[in-house]
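A quick write-up on the structure given underneath.
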2 protein chains.
Amino acid sequence: MKAERVEDEVQAGADGAPAADDACHPAKYRQVLQAAGELFLDQGFAGTSMDAVARRAGVSKATIYAYFASKEDLFEAMVSHGKDERFATLYQADLDSLGVEAALSRVAHEFMAVLTSPQSLKTLRVIMAEAGRRPDLAARFYRAGPDRVMAALTDYLTRVAERGELAIEDPRIASQLFFGMIRGDLHLRRMLGLADQPDAAEVARLADAAVAMFLRAHRPAGQ
Amino acid sequence: MKAERVEDEVQAGADGAPAADDACHPAKYRQVLQAAGELFLDQGFAGTSMDAVARRAGVSKATIYAYFASKEDLFEAMVSHGKDERFATLYQADLDSLGVEAALSRVAHEFMAVLTSPQSLKTLRVIMAEAGRRPDLAARFYRAGPDRVMAALTDYLTRVAERGELAIEDPRIASQLFFGMIRGDLHLRRMLGLADQPDAAEVARLADAAVAMFLRAHRPAGQ
DNA sequence: GTCTATATACAGATAGAC
DNA sequence: GTCTATCTGTATATAGAC
């Protein structure tokens with residue numbers, strides 16, 4: 001549950017923001033950060049008051065300000081803290097030991113599961129909502145998550161193309177289209193709060209359909 | 001808490017240009033609605049104060065409350081007012097008079113252009129941000145926009161499949177995947193405020209790539 | 001309808017005791 | 001570090017004059 005090196009560097013650069021290692025922080029610090037997470041992600045930045053955070057965390061406002069210089073600081077710390085490692089299972093996966101279809105299927109299923117989780121949806125919503133005012137935060141999120149996952153798939157597709165297993169002209173574009181299919185309409189509906197549950201059956205059906213379509217489109221000439 | 005006024009009529013979307021049916025509302029009403037649009041879409045619901053709307057509209061707060069019962073009402077009216085008809089050019093297009101590739105290409109380009117426009121991005125951001133608190137608003141938006149466009153493409157793909165021009169097992173899934181590819185990573189980056197300009201070249205390249213991949217995947221058996 | 005002025009509540013942030 | 005109490009500004013919404 002430790003932060004990664006990359007994130008540590010980023011956080012060290014942030015103005016006075018403490019690092020994300022839970023264990024070396026007092027209990028009240030963690031309570032504040034968790035309460036901030038629950039409220040900011042549900043109510044947004046402007047919709048969340050420091051009074052509400054203090055109430056939910058079971059501390060006084062002064063305690064919050066002992067740790068965080070401002071509401072903005074608390075928000076940024078909360079976003080950094082909430083960065084989970086679910087993405088890591090995607091870009092660190094050893095895809096080459098699997099067959100092409102199995103590899104793509106694995107990426108599709110895991111990416112979809114991550115993307116449609118309530119936590120991811122809330123985080124993405126609040127980051128998008130604040131993107132105009134905190135572009136650096138959005139950029140950090142993108143690079144730490146979607147970008148790394150996509151880069152990993154691009155690399156994988158490059159190798160697959162070199163081995164002649166698939167006919168892929170531009171692996172980067174192919175990777176973008178693949179993830180686009182996976183995100184797809186279900187993710188949009190989830191972001192809009194229209195589809196309540198992940199509905200495992202529909203997730204699987206869409207993921208499989210995306211993989212099938214990708215494979216058909218990039219079948220090597222011989223087959 | 002709903003106002004009895006009717007602002008459900010569809011308005012022309014061009015940013016500064018008032019639509020014809022705006023004329024049946026007094027000038028100050030329109031000023032309020034436009035100011036609300038500029039502020040809510042940029043600052044979000046909670047981040048926008050009625051004082052700020054009044055100031056930008058050049059009216060007093062009391063005037064706003066003469067037209068809208070509450071901040072919530074003003075927000076909803078503003079979203080309904082902003083509903084533009086750019087989507088209509090998509091689901092009303094006569095696709096059958098074109099070849100398959102031309103039809104898909106047209107849908108791809110127009111949908112991408114609509115989706116990456118600043119207005120659409122801001123609207124989508126604020127609707128997503130408020131989705132938890134105003135699910136009905138999100139649902140209306142989805143049905144009026146993405147859902148209708150996708151339904152139109154599903155119908156078109158059904159006809160194309162019946163004519164044997166493409167091999168499509170499930171037109172609804174195919175349509176979802178197609179729009180997923182079109183939205184894709186560029187849209188995510190735009191929503192995060194990372195890609196400043198639509199970058200016509202990249203839009204075209206991605207749209208063309210999506211169409212090409214779709215056609216390759218659904219080539220009829222004979223070819 | 002439209003304004004000025006205001007009621008009332010709550011926001012972010014701080015002072016000072018312990 | 002943690003609290004209670006408070007400062008100062010601003011929020012939504014309304015009263016009442018015209």
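Labels for the structure tokens follow display order: chains A, B, ..., residues from 1 in each chain, ligands from 1.
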
Give the residues of chain D that lie within 9 Å of chain B; count only C-alpha atoms (C1' of nucleotides), and format the answer as a VMD selection string.
-> chain D and resid 11 to 14

Take the residues that were just selected and, keeping N, CA and C atoms (P, O5', C5', C4', C3', O3' and C1' of nucleotides), output them as a compact mmCIF listing (two decimals), in the first residue's frame.
# COMPACT_ATOMS: atom_id res chain seq x y z
P DA D 11 -20.45 34.43 -2.80
O5' DA D 11 -21.62 33.39 -2.50
C5' DA D 11 -21.30 32.17 -1.89
C4' DA D 11 -22.51 31.55 -1.23
C3' DA D 11 -23.84 31.86 -1.90
O3' DA D 11 -24.15 30.82 -2.80
C1' DA D 11 -23.98 32.23 0.46
P DT D 12 -25.31 31.06 -3.86
O5' DT D 12 -26.67 30.81 -3.05
C5' DT D 12 -26.90 29.58 -2.38
C4' DT D 12 -28.18 29.69 -1.57
C3' DT D 12 -29.42 30.00 -2.41
O3' DT D 12 -30.50 29.16 -1.96
C1' DT D 12 -29.20 31.62 -0.70
P DA D 13 -31.84 29.07 -2.85
O5' DA D 13 -32.72 30.22 -2.21
C5' DA D 13 -32.97 30.18 -0.80
C4' DA D 13 -33.52 31.50 -0.34
C3' DA D 13 -34.72 32.06 -1.13
O3' DA D 13 -35.89 31.93 -0.34
C1' DA D 13 -33.17 33.76 -0.48
P DT D 14 -37.30 32.42 -0.89
O5' DT D 14 -37.41 33.88 -0.23
C5' DT D 14 -37.08 34.00 1.15
C4' DT D 14 -37.21 35.45 1.58
C3' DT D 14 -38.48 36.18 1.11
O3' DT D 14 -39.03 36.83 2.25
C1' DT D 14 -36.58 37.48 0.65

Please return, as a tab-separated table (two decimals) with N, CA and C atoms, in the first residue's frame, all residues of region 135-199 of chain A that DSSP assigns to alpha helix (DSSP H) on the basis of the backbone.
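Printed below is part-v5.tsv as written:
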chain	number	residue	atom	x	y	z
A	135	PRO	N	-5.25	21.93	-13.77
A	135	PRO	CA	-4.82	21.11	-14.92
A	135	PRO	C	-3.67	20.17	-14.58
A	136	ASP	N	-2.82	20.58	-13.65
A	136	ASP	CA	-1.69	19.72	-13.28
A	136	ASP	C	-2.17	18.43	-12.63
A	137	LEU	N	-3.24	18.55	-11.84
A	137	LEU	CA	-3.78	17.37	-11.18
A	137	LEU	C	-4.33	16.39	-12.21
A	138	ALA	N	-5.05	16.90	-13.19
A	138	ALA	CA	-5.60	16.05	-14.24
A	138	ALA	C	-4.48	15.39	-15.02
A	139	ALA	N	-3.44	16.15	-15.31
A	139	ALA	CA	-2.33	15.60	-16.08
A	139	ALA	C	-1.64	14.48	-15.31
A	140	ARG	N	-1.44	14.71	-14.01
A	140	ARG	CA	-0.80	13.67	-13.19
A	140	ARG	C	-1.64	12.40	-13.20
A	141	PHE	N	-2.94	12.58	-13.05
A	141	PHE	CA	-3.84	11.43	-13.04
A	141	PHE	C	-3.75	10.65	-14.34
A	142	TYR	N	-3.77	11.38	-15.44
A	142	TYR	CA	-3.76	10.73	-16.74
A	142	TYR	C	-2.46	9.94	-16.95
A	143	ARG	N	-1.35	10.57	-16.59
A	143	ARG	CA	-0.07	9.91	-16.81
A	143	ARG	C	0.10	8.70	-15.90
A	144	ALA	N	-0.40	8.81	-14.68
A	144	ALA	CA	-0.25	7.70	-13.74
A	144	ALA	C	-1.16	6.53	-14.08
A	146	PRO	N	-4.36	5.97	-17.18
A	146	PRO	CA	-4.66	5.59	-18.55
A	146	PRO	C	-3.43	5.60	-19.47
A	147	ASP	N	-2.59	6.59	-19.32
A	147	ASP	CA	-1.46	6.71	-20.23
A	147	ASP	C	-0.49	5.53	-20.08
A	148	ARG	N	-0.22	5.16	-18.86
A	148	ARG	CA	0.72	4.05	-18.65
A	148	ARG	C	0.14	2.74	-19.14
A	149	VAL	N	-1.15	2.55	-18.88
A	149	VAL	CA	-1.79	1.33	-19.32
A	149	VAL	C	-1.76	1.24	-20.85
A	150	MET	N	-2.06	2.38	-21.48
A	150	MET	CA	-2.09	2.40	-22.93
A	150	MET	C	-0.70	2.20	-23.51
A	151	ALA	N	0.28	2.79	-22.88
A	151	ALA	CA	1.66	2.62	-23.35
A	151	ALA	C	2.07	1.15	-23.27
A	152	ALA	N	1.65	0.49	-22.20
A	152	ALA	CA	1.99	-0.92	-22.05
A	152	ALA	C	1.35	-1.74	-23.17
A	153	LEU	N	0.09	-1.43	-23.48
A	153	LEU	CA	-0.56	-2.18	-24.55
A	153	LEU	C	0.08	-1.86	-25.90
A	154	THR	N	0.45	-0.61	-26.10
A	154	THR	CA	1.12	-0.23	-27.34
A	154	THR	C	2.40	-1.04	-27.52
A	155	ASP	N	3.18	-1.14	-26.45
A	155	ASP	CA	4.40	-1.93	-26.52
A	155	ASP	C	4.09	-3.39	-26.85
A	156	TYR	N	3.09	-3.90	-26.16
A	156	TYR	CA	2.72	-5.30	-26.41
A	156	TYR	C	2.29	-5.51	-27.85
A	157	LEU	N	1.46	-4.61	-28.35
A	157	LEU	CA	0.98	-4.76	-29.73
A	157	LEU	C	2.13	-4.65	-30.72
A	158	THR	N	3.10	-3.82	-30.41
A	158	THR	CA	4.27	-3.71	-31.28
A	158	THR	C	4.99	-5.05	-31.38
A	159	ARG	N	5.17	-5.68	-30.23
A	159	ARG	CA	5.84	-6.99	-30.25
A	159	ARG	C	5.00	-8.02	-31.00
A	160	VAL	N	3.70	-7.99	-30.75
A	160	VAL	CA	2.81	-8.94	-31.43
A	160	VAL	C	2.88	-8.76	-32.93
A	161	ALA	N	2.92	-7.52	-33.37
A	161	ALA	CA	3.00	-7.24	-34.80
A	161	ALA	C	4.32	-7.72	-35.38
A	162	GLU	N	5.39	-7.51	-34.61
A	162	GLU	CA	6.71	-7.95	-35.09
A	162	GLU	C	6.78	-9.47	-35.20
A	171	PRO	N	0.53	0.69	-33.91
A	171	PRO	CA	0.15	0.12	-32.60
A	171	PRO	C	-0.42	1.16	-31.65
A	172	ARG	N	0.04	2.39	-31.74
A	172	ARG	CA	-0.47	3.41	-30.83
A	172	ARG	C	-1.95	3.70	-31.11
A	173	ILE	N	-2.26	3.89	-32.38
A	173	ILE	CA	-3.66	4.11	-32.75
A	173	ILE	C	-4.50	2.89	-32.39
A	174	ALA	N	-3.98	1.72	-32.71
A	174	ALA	CA	-4.72	0.49	-32.40
A	174	ALA	C	-5.01	0.40	-30.92
A	175	SER	N	-4.02	0.75	-30.12
A	175	SER	CA	-4.19	0.71	-28.67
A	175	SER	C	-5.27	1.70	-28.22
A	176	GLN	N	-5.24	2.88	-28.79
A	176	GLN	CA	-6.26	3.88	-28.46
A	176	GLN	C	-7.66	3.39	-28.79
A	177	LEU	N	-7.79	2.80	-29.98
A	177	LEU	CA	-9.11	2.31	-30.40
A	177	LEU	C	-9.57	1.17	-29.50
A	178	PHE	N	-8.62	0.31	-29.14
A	178	PHE	CA	-8.98	-0.82	-28.28
A	178	PHE	C	-9.52	-0.34	-26.94
A	179	PHE	N	-8.80	0.58	-26.33
A	179	PHE	CA	-9.27	1.08	-25.05
A	179	PHE	C	-10.55	1.90	-25.19
A	180	GLY	N	-10.70	2.53	-26.33
A	180	GLY	CA	-11.94	3.24	-26.58
A	180	GLY	C	-13.12	2.29	-26.58
A	181	MET	N	-12.95	1.16	-27.25
A	181	MET	CA	-14.03	0.17	-27.28
A	181	MET	C	-14.34	-0.33	-25.89
A	182	ILE	N	-13.28	-0.57	-25.12
A	182	ILE	CA	-13.49	-1.11	-23.78
A	182	ILE	C	-14.21	-0.10	-22.88
A	183	ARG	N	-13.76	1.15	-22.95
A	183	ARG	CA	-14.44	2.16	-22.15
A	183	ARG	C	-15.88	2.25	-22.64
A	184	GLY	N	-16.01	2.66	-23.87
A	184	GLY	CA	-17.28	2.56	-24.57
A	184	GLY	C	-18.47	3.21	-23.91
A	185	ASP	N	-19.60	2.76	-24.33
A	185	ASP	CA	-20.85	3.37	-23.90
A	185	ASP	C	-21.17	3.03	-22.45
A	186	LEU	N	-20.78	1.85	-22.01
A	186	LEU	CA	-21.06	1.46	-20.62
A	186	LEU	C	-20.39	2.43	-19.65
A	187	HIS	N	-19.17	2.81	-19.96
A	187	HIS	CA	-18.46	3.73	-19.09
A	187	HIS	C	-19.15	5.09	-19.07
A	188	LEU	N	-19.59	5.54	-20.21
A	188	LEU	CA	-20.32	6.81	-20.28
A	188	LEU	C	-21.57	6.75	-19.41
A	189	ARG	N	-22.31	5.66	-19.54
A	189	ARG	CA	-23.53	5.52	-18.73
A	189	ARG	C	-23.20	5.48	-17.25
A	190	ARG	N	-22.12	4.78	-16.91
A	190	ARG	CA	-21.71	4.73	-15.51
A	190	ARG	C	-21.32	6.11	-15.01
A	191	MET	N	-20.60	6.85	-15.84
A	191	MET	CA	-20.18	8.20	-15.44
A	191	MET	C	-21.39	9.10	-15.24

Report as JSON lines: every residue of chain C with an atom at most 12 Å from chain A, its closest pair of atoms, and their distance in Å to one decimal, counting only C-alpha atoms (C1' of nucleotides), with rows sorted by chain and ascending residue number.
{"residue": "C:DC10", "atom": "C1'", "partner": "A:Ser49", "partner_atom": "CA", "distance": 9.3}
{"residue": "C:DA11", "atom": "C1'", "partner": "A:Ser49", "partner_atom": "CA", "distance": 7.2}
{"residue": "C:DG12", "atom": "C1'", "partner": "A:Met50", "partner_atom": "CA", "distance": 7.4}
{"residue": "C:DA13", "atom": "C1'", "partner": "A:Ser70", "partner_atom": "CA", "distance": 8.2}
{"residue": "C:DT14", "atom": "C1'", "partner": "A:Ala62", "partner_atom": "CA", "distance": 8.2}
{"residue": "C:DA15", "atom": "C1'", "partner": "A:Ala62", "partner_atom": "CA", "distance": 10.5}
{"residue": "C:DG16", "atom": "C1'", "partner": "A:Ala62", "partner_atom": "CA", "distance": 11.9}

Once chain A is best-fit onto chain B by all Cα atoms in order, what RMSD in Å is left?
-> 5.3 Å

Compile the contact shell of Gly132 (chain A) as a list in words: residues with an atom at most 9 Å away, counting only C-alpha atoms (C1' of nucleotides), same-chain residues fewer than 3 positions apart removed.
->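 Counting only C-alpha atoms (C1' of nucleotides), the residues come to Met128, Ala129, Pro135 and Ala138 of chain A; Asp42, Gln43, Leu192 and Gly193 of chain B.
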
Store the residues of this selection in a file with N, CA and C atoms, as a tab-separated table (two decimals), in the first residue's frame.
chain	number	residue	atom	x	y	z
A	128	MET	N	-12.28	15.55	-13.52
A	128	MET	CA	-12.79	16.24	-14.71
A	128	MET	C	-13.45	17.56	-14.34
A	129	ALA	N	-14.21	17.53	-13.26
A	129	ALA	CA	-14.91	18.74	-12.86
A	129	ALA	C	-13.93	19.85	-12.50
A	135	PRO	N	-5.25	21.93	-13.77
A	135	PRO	CA	-4.82	21.11	-14.92
A	135	PRO	C	-3.67	20.17	-14.58
A	138	ALA	N	-5.05	16.90	-13.19
A	138	ALA	CA	-5.60	16.05	-14.24
A	138	ALA	C	-4.48	15.39	-15.02
B	42	ASP	N	-18.46	26.60	-16.29
B	42	ASP	CA	-17.05	26.79	-15.96
B	42	ASP	C	-16.75	26.47	-14.51
B	43	GLN	N	-17.62	26.91	-13.61
B	43	GLN	CA	-17.33	26.81	-12.17
B	43	GLN	C	-18.10	25.69	-11.48
B	192	LEU	N	-10.22	15.84	-19.63
B	192	LEU	CA	-9.28	16.14	-18.55
B	192	LEU	C	-8.56	17.46	-18.79
B	193	GLY	N	-8.90	18.11	-19.90
B	193	GLY	CA	-8.28	19.41	-20.18
B	193	GLY	C	-6.84	19.30	-20.62

Within 12 Å of DG1 (chain D), counting only C-alpha atoms (C1' of nucleotides), which residues qualify if same-chain residues fewer than 3 places away don't, as an NGL selection string?
-> (:A and (26-29 or 59-60 or 62-67)) or (:C and (18))

Can you pull out every residue within 10 Å of region 216-220 of chain B, counting only C-alpha atoms (C1' of nucleotides), but drop anything in the same chain fewer than 2 positions away, and send it as a ChimeraX atom specification?
-> /A:212-219 /B:161,164-169,174,210-214,222-223

Could you state the separation of CA of Leu115 (chain B) and CA of Ala204 (chain B) in Å, given to one decimal place?
->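 So the two atoms, CA of Leu115 (chain B) and CA of Ala204 (chain B), lie 13.4 Å apart.
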
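What separates CA of Glu202 (chain A) from CA of Gly44 (chain A) is a distance of 29.3 Å.
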
Tell me, in Å to one decimal, how far CA of Ala207 (chain A) is from CA of Ser105 (chain A).
->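 According to the coordinates, CA of Ala207 (chain A) and CA of Ser105 (chain A) are separated by 7.0 Å.
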